[in-house]
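Have a look at work.cif below; it lists mmCIF, N, CA and C atoms.
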```cif
data_final
#
loop_
_atom_site.label_atom_id
_atom_site.label_comp_id
_atom_site.auth_asym_id
_atom_site.auth_seq_id
_atom_site.Cartn_x
_atom_site.Cartn_y
_atom_site.Cartn_z
N MET A 1 -5.05 -4.09 11.16
CA MET A 1 -4.67 -2.96 10.35
C MET A 1 -5.92 -2.27 9.77
N ARG A 2 -6.89 -3.06 9.32
CA ARG A 2 -8.11 -2.45 8.78
C ARG A 2 -8.83 -1.64 9.85
N ASP A 3 -8.81 -2.11 11.09
CA ASP A 3 -9.42 -1.35 12.18
C ASP A 3 -8.69 -0.03 12.40
N LYS A 4 -7.38 -0.06 12.33
CA LYS A 4 -6.59 1.16 12.57
C LYS A 4 -6.80 2.21 11.49
N THR A 5 -7.11 1.78 10.27
CA THR A 5 -7.33 2.74 9.20
C THR A 5 -8.79 3.14 9.09
N GLY A 6 -9.65 2.53 9.88
CA GLY A 6 -11.07 2.87 9.87
C GLY A 6 -11.46 3.71 11.07
N VAL A 7 -12.73 3.72 11.37
CA VAL A 7 -13.26 4.52 12.48
C VAL A 7 -12.64 4.09 13.81
N ASN A 8 -12.39 2.80 13.99
CA ASN A 8 -11.84 2.31 15.25
C ASN A 8 -10.44 2.85 15.54
N GLY A 9 -9.75 3.32 14.53
CA GLY A 9 -8.40 3.82 14.73
C GLY A 9 -8.31 5.33 14.93
N SER A 10 -9.46 5.99 14.99
CA SER A 10 -9.42 7.45 15.07
C SER A 10 -8.77 7.96 16.36
N ALA A 11 -8.92 7.25 17.47
CA ALA A 11 -8.29 7.69 18.72
C ALA A 11 -6.77 7.66 18.60
N GLN A 12 -6.24 6.60 18.00
CA GLN A 12 -4.79 6.52 17.80
C GLN A 12 -4.33 7.64 16.87
N ARG A 13 -5.06 7.91 15.83
CA ARG A 13 -4.68 8.96 14.90
C ARG A 13 -4.74 10.34 15.57
N LYS A 14 -5.66 10.54 16.49
CA LYS A 14 -5.71 11.80 17.25
C LYS A 14 -4.45 11.98 18.09
N ARG A 15 -3.96 10.89 18.68
CA ARG A 15 -2.71 10.97 19.45
C ARG A 15 -1.55 11.35 18.53
N TYR A 16 -1.51 10.77 17.33
CA TYR A 16 -0.47 11.12 16.37
C TYR A 16 -0.60 12.59 15.94
N GLU A 17 -1.81 13.07 15.83
CA GLU A 17 -2.03 14.46 15.47
C GLU A 17 -1.39 15.38 16.50
N ARG A 18 -1.56 15.05 17.77
CA ARG A 18 -0.94 15.86 18.83
C ARG A 18 0.58 15.78 18.74
N LEU A 19 1.12 14.61 18.43
CA LEU A 19 2.56 14.45 18.28
C LEU A 19 3.10 15.32 17.14
N VAL A 20 2.39 15.34 16.04
CA VAL A 20 2.83 16.13 14.89
C VAL A 20 2.77 17.62 15.21
N GLN A 21 1.82 18.04 16.03
CA GLN A 21 1.75 19.44 16.42
C GLN A 21 2.99 19.84 17.21
N VAL A 22 3.52 18.93 18.00
CA VAL A 22 4.71 19.19 18.80
C VAL A 22 5.97 19.11 17.93
N ASP A 23 6.02 18.14 17.03
CA ASP A 23 7.19 17.94 16.18
C ASP A 23 6.72 17.74 14.73
N SER A 24 6.70 18.80 13.97
CA SER A 24 6.15 18.75 12.60
C SER A 24 7.00 17.94 11.63
N LYS A 25 8.18 17.53 12.04
CA LYS A 25 9.05 16.74 11.16
C LYS A 25 8.73 15.25 11.22
N ARG A 26 7.80 14.88 12.07
CA ARG A 26 7.43 13.47 12.20
C ARG A 26 6.76 12.97 10.92
N VAL A 27 7.06 11.75 10.56
CA VAL A 27 6.43 11.08 9.43
C VAL A 27 5.56 9.99 9.99
N LEU A 28 4.34 9.90 9.52
CA LEU A 28 3.39 8.93 10.05
C LEU A 28 3.34 7.70 9.15
N ALA A 29 3.52 6.55 9.77
CA ALA A 29 3.50 5.31 8.99
C ALA A 29 3.01 4.17 9.86
N TYR A 30 2.32 3.26 9.23
CA TYR A 30 1.93 2.01 9.87
C TYR A 30 2.94 0.95 9.46
N SER A 31 3.12 -0.02 10.32
CA SER A 31 4.02 -1.12 10.03
C SER A 31 3.44 -2.41 10.59
N THR A 32 3.38 -3.43 9.77
CA THR A 32 2.99 -4.75 10.23
C THR A 32 3.99 -5.74 9.65
N PRO A 33 5.07 -5.98 10.36
CA PRO A 33 6.19 -6.74 9.81
C PRO A 33 5.87 -8.17 9.40
N SER A 34 4.84 -8.78 9.95
CA SER A 34 4.58 -10.18 9.62
C SER A 34 3.64 -10.34 8.44
N ALA A 35 3.07 -9.27 7.92
CA ALA A 35 2.12 -9.37 6.80
C ALA A 35 2.86 -9.40 5.47
N ALA A 36 2.28 -10.10 4.52
CA ALA A 36 2.82 -10.10 3.16
C ALA A 36 2.55 -8.73 2.54
N TRP A 37 3.49 -8.22 1.79
CA TRP A 37 3.35 -6.86 1.25
C TRP A 37 2.13 -6.70 0.37
N ASP A 38 1.79 -7.74 -0.39
CA ASP A 38 0.66 -7.61 -1.32
C ASP A 38 -0.69 -7.54 -0.61
N ASP A 39 -0.74 -7.96 0.66
CA ASP A 39 -1.99 -7.85 1.42
C ASP A 39 -2.45 -6.39 1.54
N PHE A 40 -1.51 -5.45 1.51
CA PHE A 40 -1.86 -4.04 1.65
C PHE A 40 -2.45 -3.47 0.36
N PHE A 41 -2.26 -4.17 -0.75
CA PHE A 41 -2.71 -3.65 -2.05
C PHE A 41 -3.91 -4.40 -2.60
N SER A 42 -4.23 -5.55 -2.04
CA SER A 42 -5.37 -6.31 -2.55
C SER A 42 -6.66 -5.69 -2.03
N GLY A 43 -7.73 -5.96 -2.72
CA GLY A 43 -9.02 -5.39 -2.37
C GLY A 43 -9.56 -4.58 -3.52
N GLU A 44 -10.83 -4.29 -3.46
CA GLU A 44 -11.45 -3.48 -4.51
C GLU A 44 -10.84 -2.08 -4.49
N THR A 45 -10.92 -1.39 -5.61
CA THR A 45 -10.39 -0.04 -5.70
C THR A 45 -10.97 0.82 -4.58
N GLY A 46 -10.10 1.50 -3.88
CA GLY A 46 -10.51 2.34 -2.77
C GLY A 46 -10.64 1.60 -1.47
N ASP A 47 -10.54 0.28 -1.49
CA ASP A 47 -10.69 -0.51 -0.27
C ASP A 47 -9.35 -1.02 0.25
N ALA A 48 -8.36 -1.08 -0.61
CA ALA A 48 -7.05 -1.58 -0.19
C ALA A 48 -6.41 -0.59 0.78
N ILE A 49 -5.72 -1.13 1.76
CA ILE A 49 -5.09 -0.29 2.78
C ILE A 49 -4.13 0.71 2.14
N ALA A 50 -3.34 0.28 1.18
CA ALA A 50 -2.38 1.16 0.53
C ALA A 50 -3.06 2.29 -0.23
N GLU A 51 -4.30 2.09 -0.62
CA GLU A 51 -5.04 3.16 -1.30
C GLU A 51 -5.71 4.10 -0.31
N ARG A 52 -6.03 3.60 0.87
CA ARG A 52 -6.68 4.44 1.88
C ARG A 52 -5.68 5.31 2.64
N LEU A 53 -4.49 4.80 2.90
CA LEU A 53 -3.53 5.53 3.72
C LEU A 53 -3.15 6.92 3.20
N PRO A 54 -2.86 7.09 1.91
CA PRO A 54 -2.44 8.42 1.46
C PRO A 54 -3.48 9.51 1.68
N VAL A 55 -4.75 9.15 1.76
CA VAL A 55 -5.79 10.15 1.94
C VAL A 55 -6.38 10.14 3.35
N LEU A 56 -5.94 9.23 4.17
CA LEU A 56 -6.45 9.13 5.54
C LEU A 56 -6.08 10.37 6.33
N ASP A 57 -7.07 11.02 6.87
CA ASP A 57 -6.87 12.23 7.67
C ASP A 57 -6.09 13.30 6.91
N ALA A 58 -6.30 13.40 5.61
CA ALA A 58 -5.55 14.35 4.78
C ALA A 58 -5.78 15.80 5.22
N ALA A 59 -6.92 16.07 5.82
CA ALA A 59 -7.19 17.44 6.28
C ALA A 59 -6.29 17.81 7.46
N VAL A 60 -5.83 16.81 8.19
CA VAL A 60 -5.01 17.05 9.38
C VAL A 60 -3.52 16.97 9.07
N PHE A 61 -3.14 15.95 8.30
CA PHE A 61 -1.72 15.70 8.03
C PHE A 61 -1.41 16.05 6.58
N ASP A 62 -0.53 16.99 6.38
CA ASP A 62 -0.18 17.44 5.04
C ASP A 62 0.33 16.32 4.16
N ASP A 63 1.13 15.43 4.73
CA ASP A 63 1.77 14.39 3.93
C ASP A 63 1.02 13.07 3.94
N GLY A 64 -0.09 12.96 4.63
CA GLY A 64 -0.82 11.70 4.68
C GLY A 64 -0.04 10.65 5.48
N TRP A 65 -0.44 9.43 5.33
CA TRP A 65 0.16 8.32 6.06
C TRP A 65 0.95 7.44 5.12
N GLY A 66 2.08 6.95 5.60
CA GLY A 66 2.89 6.01 4.84
C GLY A 66 2.74 4.62 5.41
N LEU A 67 3.54 3.73 4.90
CA LEU A 67 3.49 2.34 5.32
C LEU A 67 4.91 1.79 5.27
N VAL A 68 5.32 1.07 6.29
CA VAL A 68 6.63 0.42 6.29
C VAL A 68 6.41 -1.01 5.79
N ILE A 69 7.01 -1.31 4.65
CA ILE A 69 6.85 -2.61 4.01
C ILE A 69 8.22 -3.25 3.90
N ASP A 70 8.39 -4.39 4.53
CA ASP A 70 9.68 -5.10 4.51
C ASP A 70 10.83 -4.16 4.87
N GLY A 71 10.63 -3.32 5.88
CA GLY A 71 11.66 -2.41 6.34
C GLY A 71 11.84 -1.17 5.48
N HIS A 72 11.04 -1.02 4.46
CA HIS A 72 11.14 0.10 3.52
C HIS A 72 9.97 1.05 3.79
N TYR A 73 10.26 2.35 3.98
CA TYR A 73 9.19 3.32 4.16
C TYR A 73 8.61 3.70 2.80
N ALA A 74 7.33 3.43 2.62
CA ALA A 74 6.63 3.80 1.40
C ALA A 74 5.82 5.06 1.69
N SER A 75 6.19 6.15 1.05
CA SER A 75 5.51 7.43 1.25
C SER A 75 4.10 7.35 0.64
N PRO A 76 3.24 8.30 0.96
CA PRO A 76 1.91 8.32 0.34
C PRO A 76 1.99 8.35 -1.19
N GLU A 77 2.93 9.11 -1.72
CA GLU A 77 3.09 9.18 -3.18
C GLU A 77 3.50 7.82 -3.76
N GLU A 78 4.40 7.14 -3.06
CA GLU A 78 4.84 5.82 -3.53
C GLU A 78 3.69 4.82 -3.46
N LEU A 79 2.91 4.86 -2.39
CA LEU A 79 1.77 3.96 -2.27
C LEU A 79 0.75 4.20 -3.38
N THR A 80 0.52 5.47 -3.69
CA THR A 80 -0.43 5.82 -4.75
C THR A 80 0.08 5.30 -6.10
N GLY A 81 1.37 5.49 -6.37
CA GLY A 81 1.95 5.02 -7.62
C GLY A 81 1.93 3.50 -7.74
N MET A 82 2.27 2.82 -6.65
CA MET A 82 2.27 1.35 -6.67
C MET A 82 0.84 0.83 -6.84
N SER A 83 -0.11 1.45 -6.17
CA SER A 83 -1.52 1.05 -6.31
C SER A 83 -1.98 1.21 -7.75
N ALA A 84 -1.63 2.33 -8.37
CA ALA A 84 -2.02 2.57 -9.76
C ALA A 84 -1.39 1.54 -10.69
N LYS A 85 -0.14 1.20 -10.44
CA LYS A 85 0.55 0.20 -11.26
C LYS A 85 -0.15 -1.16 -11.15
N ILE A 86 -0.47 -1.54 -9.94
CA ILE A 86 -1.14 -2.82 -9.71
C ILE A 86 -2.52 -2.83 -10.34
N ARG A 87 -3.28 -1.75 -10.15
CA ARG A 87 -4.63 -1.66 -10.73
C ARG A 87 -4.59 -1.70 -12.25
N ALA A 88 -3.53 -1.16 -12.86
CA ALA A 88 -3.41 -1.19 -14.31
C ALA A 88 -3.08 -2.59 -14.82
N ALA A 89 -2.26 -3.33 -14.08
CA ALA A 89 -1.85 -4.67 -14.51
C ALA A 89 -2.90 -5.73 -14.16
N GLU A 90 -3.63 -5.53 -13.09
CA GLU A 90 -4.54 -6.54 -12.56
C GLU A 90 -5.55 -7.09 -13.58
N PRO A 91 -6.28 -6.27 -14.33
CA PRO A 91 -7.28 -6.85 -15.24
C PRO A 91 -6.69 -7.61 -16.42
N LYS A 92 -5.41 -7.46 -16.65
CA LYS A 92 -4.75 -8.11 -17.79
C LYS A 92 -4.19 -9.48 -17.45
N VAL A 93 -4.25 -9.85 -16.16
CA VAL A 93 -3.68 -11.13 -15.72
C VAL A 93 -4.77 -11.95 -15.02
N PRO A 94 -5.19 -13.07 -15.63
CA PRO A 94 -6.19 -13.91 -14.97
C PRO A 94 -5.64 -14.43 -13.63
N GLY A 95 -6.42 -14.28 -12.57
CA GLY A 95 -5.96 -14.72 -11.26
C GLY A 95 -4.76 -13.91 -10.80
N PHE A 96 -4.83 -12.61 -10.97
CA PHE A 96 -3.70 -11.70 -10.72
C PHE A 96 -3.04 -11.95 -9.37
N TRP A 97 -3.82 -11.99 -8.29
CA TRP A 97 -3.22 -12.08 -6.95
C TRP A 97 -2.52 -13.41 -6.72
N GLU A 98 -3.10 -14.48 -7.24
CA GLU A 98 -2.45 -15.79 -7.14
C GLU A 98 -1.16 -15.80 -7.96
N ALA A 99 -1.21 -15.18 -9.15
CA ALA A 99 -0.02 -15.11 -10.00
C ALA A 99 1.07 -14.28 -9.33
N LEU A 100 0.69 -13.19 -8.69
CA LEU A 100 1.67 -12.35 -8.01
C LEU A 100 2.34 -13.12 -6.88
N ARG A 101 1.55 -13.83 -6.10
CA ARG A 101 2.13 -14.61 -4.99
C ARG A 101 3.02 -15.73 -5.52
N ALA A 102 2.59 -16.38 -6.60
CA ALA A 102 3.38 -17.47 -7.18
C ALA A 102 4.70 -16.96 -7.75
N SER A 103 4.71 -15.72 -8.18
CA SER A 103 5.93 -15.16 -8.77
C SER A 103 7.02 -14.90 -7.72
N ARG A 104 6.60 -14.77 -6.47
CA ARG A 104 7.51 -14.47 -5.36
C ARG A 104 8.26 -13.13 -5.54
N LEU A 105 7.68 -12.23 -6.32
CA LEU A 105 8.27 -10.90 -6.47
C LEU A 105 8.14 -10.14 -5.16
N SER A 106 9.20 -9.48 -4.76
CA SER A 106 9.16 -8.67 -3.55
C SER A 106 8.55 -7.31 -3.88
N TYR A 107 8.26 -6.56 -2.84
CA TYR A 107 7.75 -5.21 -3.02
C TYR A 107 8.76 -4.39 -3.83
N ASP A 108 10.03 -4.48 -3.47
CA ASP A 108 11.06 -3.73 -4.18
C ASP A 108 11.17 -4.15 -5.65
N ASP A 109 10.98 -5.45 -5.92
CA ASP A 109 11.00 -5.92 -7.31
C ASP A 109 9.89 -5.26 -8.11
N VAL A 110 8.68 -5.26 -7.57
CA VAL A 110 7.53 -4.69 -8.28
C VAL A 110 7.66 -3.17 -8.40
N LEU A 111 8.24 -2.56 -7.39
CA LEU A 111 8.44 -1.11 -7.41
C LEU A 111 9.25 -0.68 -8.63
N LYS A 112 10.20 -1.50 -9.05
CA LYS A 112 11.09 -1.16 -10.16
C LYS A 112 10.45 -1.40 -11.54
N LEU A 113 9.32 -2.09 -11.57
CA LEU A 113 8.68 -2.44 -12.84
C LEU A 113 7.63 -1.42 -13.24
N THR A 114 7.36 -1.37 -14.54
CA THR A 114 6.19 -0.61 -15.01
C THR A 114 4.99 -1.55 -14.93
N ALA A 115 3.80 -1.02 -15.09
CA ALA A 115 2.59 -1.84 -15.07
C ALA A 115 2.64 -2.87 -16.19
N ASP A 116 3.13 -2.46 -17.36
CA ASP A 116 3.23 -3.38 -18.49
C ASP A 116 4.22 -4.50 -18.21
N GLN A 117 5.37 -4.17 -17.64
CA GLN A 117 6.36 -5.20 -17.30
C GLN A 117 5.80 -6.16 -16.24
N LEU A 118 5.07 -5.62 -15.29
CA LEU A 118 4.48 -6.46 -14.25
C LEU A 118 3.50 -7.44 -14.84
N GLN A 119 2.58 -6.97 -15.65
CA GLN A 119 1.59 -7.89 -16.20
C GLN A 119 2.21 -8.91 -17.15
N LYS A 120 3.20 -8.52 -17.90
CA LYS A 120 3.88 -9.48 -18.78
C LYS A 120 4.64 -10.53 -17.98
N GLY A 121 5.28 -10.09 -16.90
CA GLY A 121 6.04 -11.02 -16.05
C GLY A 121 5.15 -12.00 -15.30
N LEU A 122 3.92 -11.60 -15.03
CA LEU A 122 3.00 -12.47 -14.29
C LEU A 122 2.25 -13.45 -15.18
N GLN A 123 2.30 -13.26 -16.48
CA GLN A 123 1.54 -14.13 -17.39
C GLN A 123 1.92 -15.60 -17.22
N LYS A 124 3.18 -15.90 -16.97
CA LYS A 124 3.61 -17.31 -16.83
C LYS A 124 3.07 -17.95 -15.55
N HIS A 125 2.61 -17.11 -14.62
CA HIS A 125 2.04 -17.63 -13.37
C HIS A 125 0.51 -17.56 -13.35
N ALA A 126 -0.07 -17.03 -14.44
CA ALA A 126 -1.51 -16.80 -14.49
C ALA A 126 -2.29 -18.09 -14.72
N ARG A 127 -3.53 -18.07 -14.25
CA ARG A 127 -4.43 -19.20 -14.48
C ARG A 127 -4.74 -19.28 -15.96
N ARG A 128 -4.81 -20.44 -16.45
CA ARG A 128 -5.16 -20.64 -17.86
C ARG A 128 -6.52 -21.25 -17.99
#
```

Take the structure in this file and express it as structure tokens.
Amino acid sequence: MRDKTGVNGSAQRKRYERLVQVDSKRVLAYSTPSAAWDDFFSGETGDAIAERLPVLDAAVFDDGWGLVIDGHYASPEELTGMSAKIRAAEPKVPGFWEALRASRLSYDDVLKLTADQLQKGLQKHARR
């Protein structure tokens, strides 16, 4: 997935660009059904896949790229919002990513929470 969102994926994105020129109603999304949803959001700010997709090839595609997570299409706007929520909660929870995995919260569960609710809910799973 990291290759597809980087320079190595530009040929595939060019093919999608041609497809969108033919059918402008197409929505562009990546899907990796076997990956854990939080893998798309982990990483330093600006390095996480979910943070790169909304701006990937923005000059070419008006709506940016989405991501299919657990069968759910996450639009660029949704990815940006979820990334912001995670980034806001992350510094408040020691061992944030381990706590998130231990909580077993699904993508849809976290989507419904505010950043404050997320960080408070993860405190019981945080490293002490």

Evaluate the PyMOL selection byres (((chain A and resi 32 and name CA) around 8) and name CA) and record the selected residues as an mmCIF file with N, CA and C atoms, keeping the file's coordinate frame, following the chain and residue labels used in the document.
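The resulting out_30.cif:
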```
data_model
loop_
_atom_site.group_PDB
_atom_site.id
_atom_site.type_symbol
_atom_site.label_atom_id
_atom_site.label_comp_id
_atom_site.auth_asym_id
_atom_site.auth_seq_id
_atom_site.Cartn_x
_atom_site.Cartn_y
_atom_site.Cartn_z
ATOM 1 N N MET A 1 -5.050 -4.090 11.160
ATOM 2 C CA MET A 1 -4.670 -2.960 10.350
ATOM 3 C C MET A 1 -5.920 -2.270 9.770
ATOM 4 N N TYR A 30 2.320 3.260 9.230
ATOM 5 C CA TYR A 30 1.930 2.010 9.870
ATOM 6 C C TYR A 30 2.940 0.950 9.460
ATOM 7 N N SER A 31 3.120 -0.020 10.320
ATOM 8 C CA SER A 31 4.020 -1.120 10.030
ATOM 9 C C SER A 31 3.440 -2.410 10.590
ATOM 10 N N PRO A 33 5.070 -5.980 10.360
ATOM 11 C CA PRO A 33 6.190 -6.740 9.810
ATOM 12 C C PRO A 33 5.870 -8.170 9.400
ATOM 13 N N SER A 34 4.840 -8.780 9.950
ATOM 14 C CA SER A 34 4.580 -10.180 9.620
ATOM 15 C C SER A 34 3.640 -10.340 8.440
ATOM 16 N N ALA A 35 3.070 -9.270 7.920
ATOM 17 C CA ALA A 35 2.120 -9.370 6.800
ATOM 18 C C ALA A 35 2.860 -9.400 5.470
ATOM 19 N N VAL A 68 5.320 1.070 6.290
ATOM 20 C CA VAL A 68 6.630 0.420 6.290
ATOM 21 C C VAL A 68 6.410 -1.010 5.790
ATOM 22 N N ILE A 69 7.010 -1.310 4.650
ATOM 23 C CA ILE A 69 6.850 -2.610 4.010
ATOM 24 C C ILE A 69 8.220 -3.250 3.900
#
```

Starting from the PyMOL selection byres ((chain A and resi 97-104) around 5), expand the selection into actual residues of this file and give them as a list of chain:residue names.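 On the file shown, the PyMOL selection byres ((chain A and resi 97-104) around 5) covers A:Gly95, A:Phe96, A:Leu105, A:Ser106, A:His125, A:Ala126.
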
Report, in Å with one decimal, the straight-line distance from atom CA of Tyr16 of chain A to atom C of Glu77 of chain A. 20.8 Å

Go through A:Thr80, A:Thr114, A:Gln123, A:Gln12 and flag the residue nearest Pro54 of chain A, using all atoms listed in the file for the distances.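 So, comparing all the options, the nearest one is A:Thr80.
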
Expanded to explicit residues, what is the PyMOL selection byres (((chain A and resi 83-91 and name CA) around 12) and name CA) for this file, as JSON, numbers by chain? {"A": [37, 38, 39, 40, 41, 42, 43, 44, 45, 46, 47, 48, 49, 50, 51, 52, 53, 54, 74, 76, 77, 78, 79, 80, 81, 82, 92, 93, 94, 95, 96, 97, 98, 99, 100, 107, 110, 111, 112, 113, 114, 115, 116, 117, 118, 119, 120, 121, 122, 123, 126]}

How many Å separate atom CA of Val20 of chain A from atom CA of Leu67 of chain A? 16.8 Å

Please report, as lines of an AutoDock Vina configuration file, the centre and edge lengths in Å to one decimal of an axis-aligned box covering all listed atoms of segment 98-113 of chain A with 5 Å per side.
```
center_x = 4.0
center_y = -9.1
center_z = -8.0
size_x = 24.3
size_y = 26.8
size_z = 20.4
```

In Å, with one decimal, what is the gap from atom N of Ser10 of chain A to atom CA of Gly66 of chain A?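 Answer for the atom N of Ser10 of chain A to atom CA of Gly66 of chain A separation: 16.0 Å.
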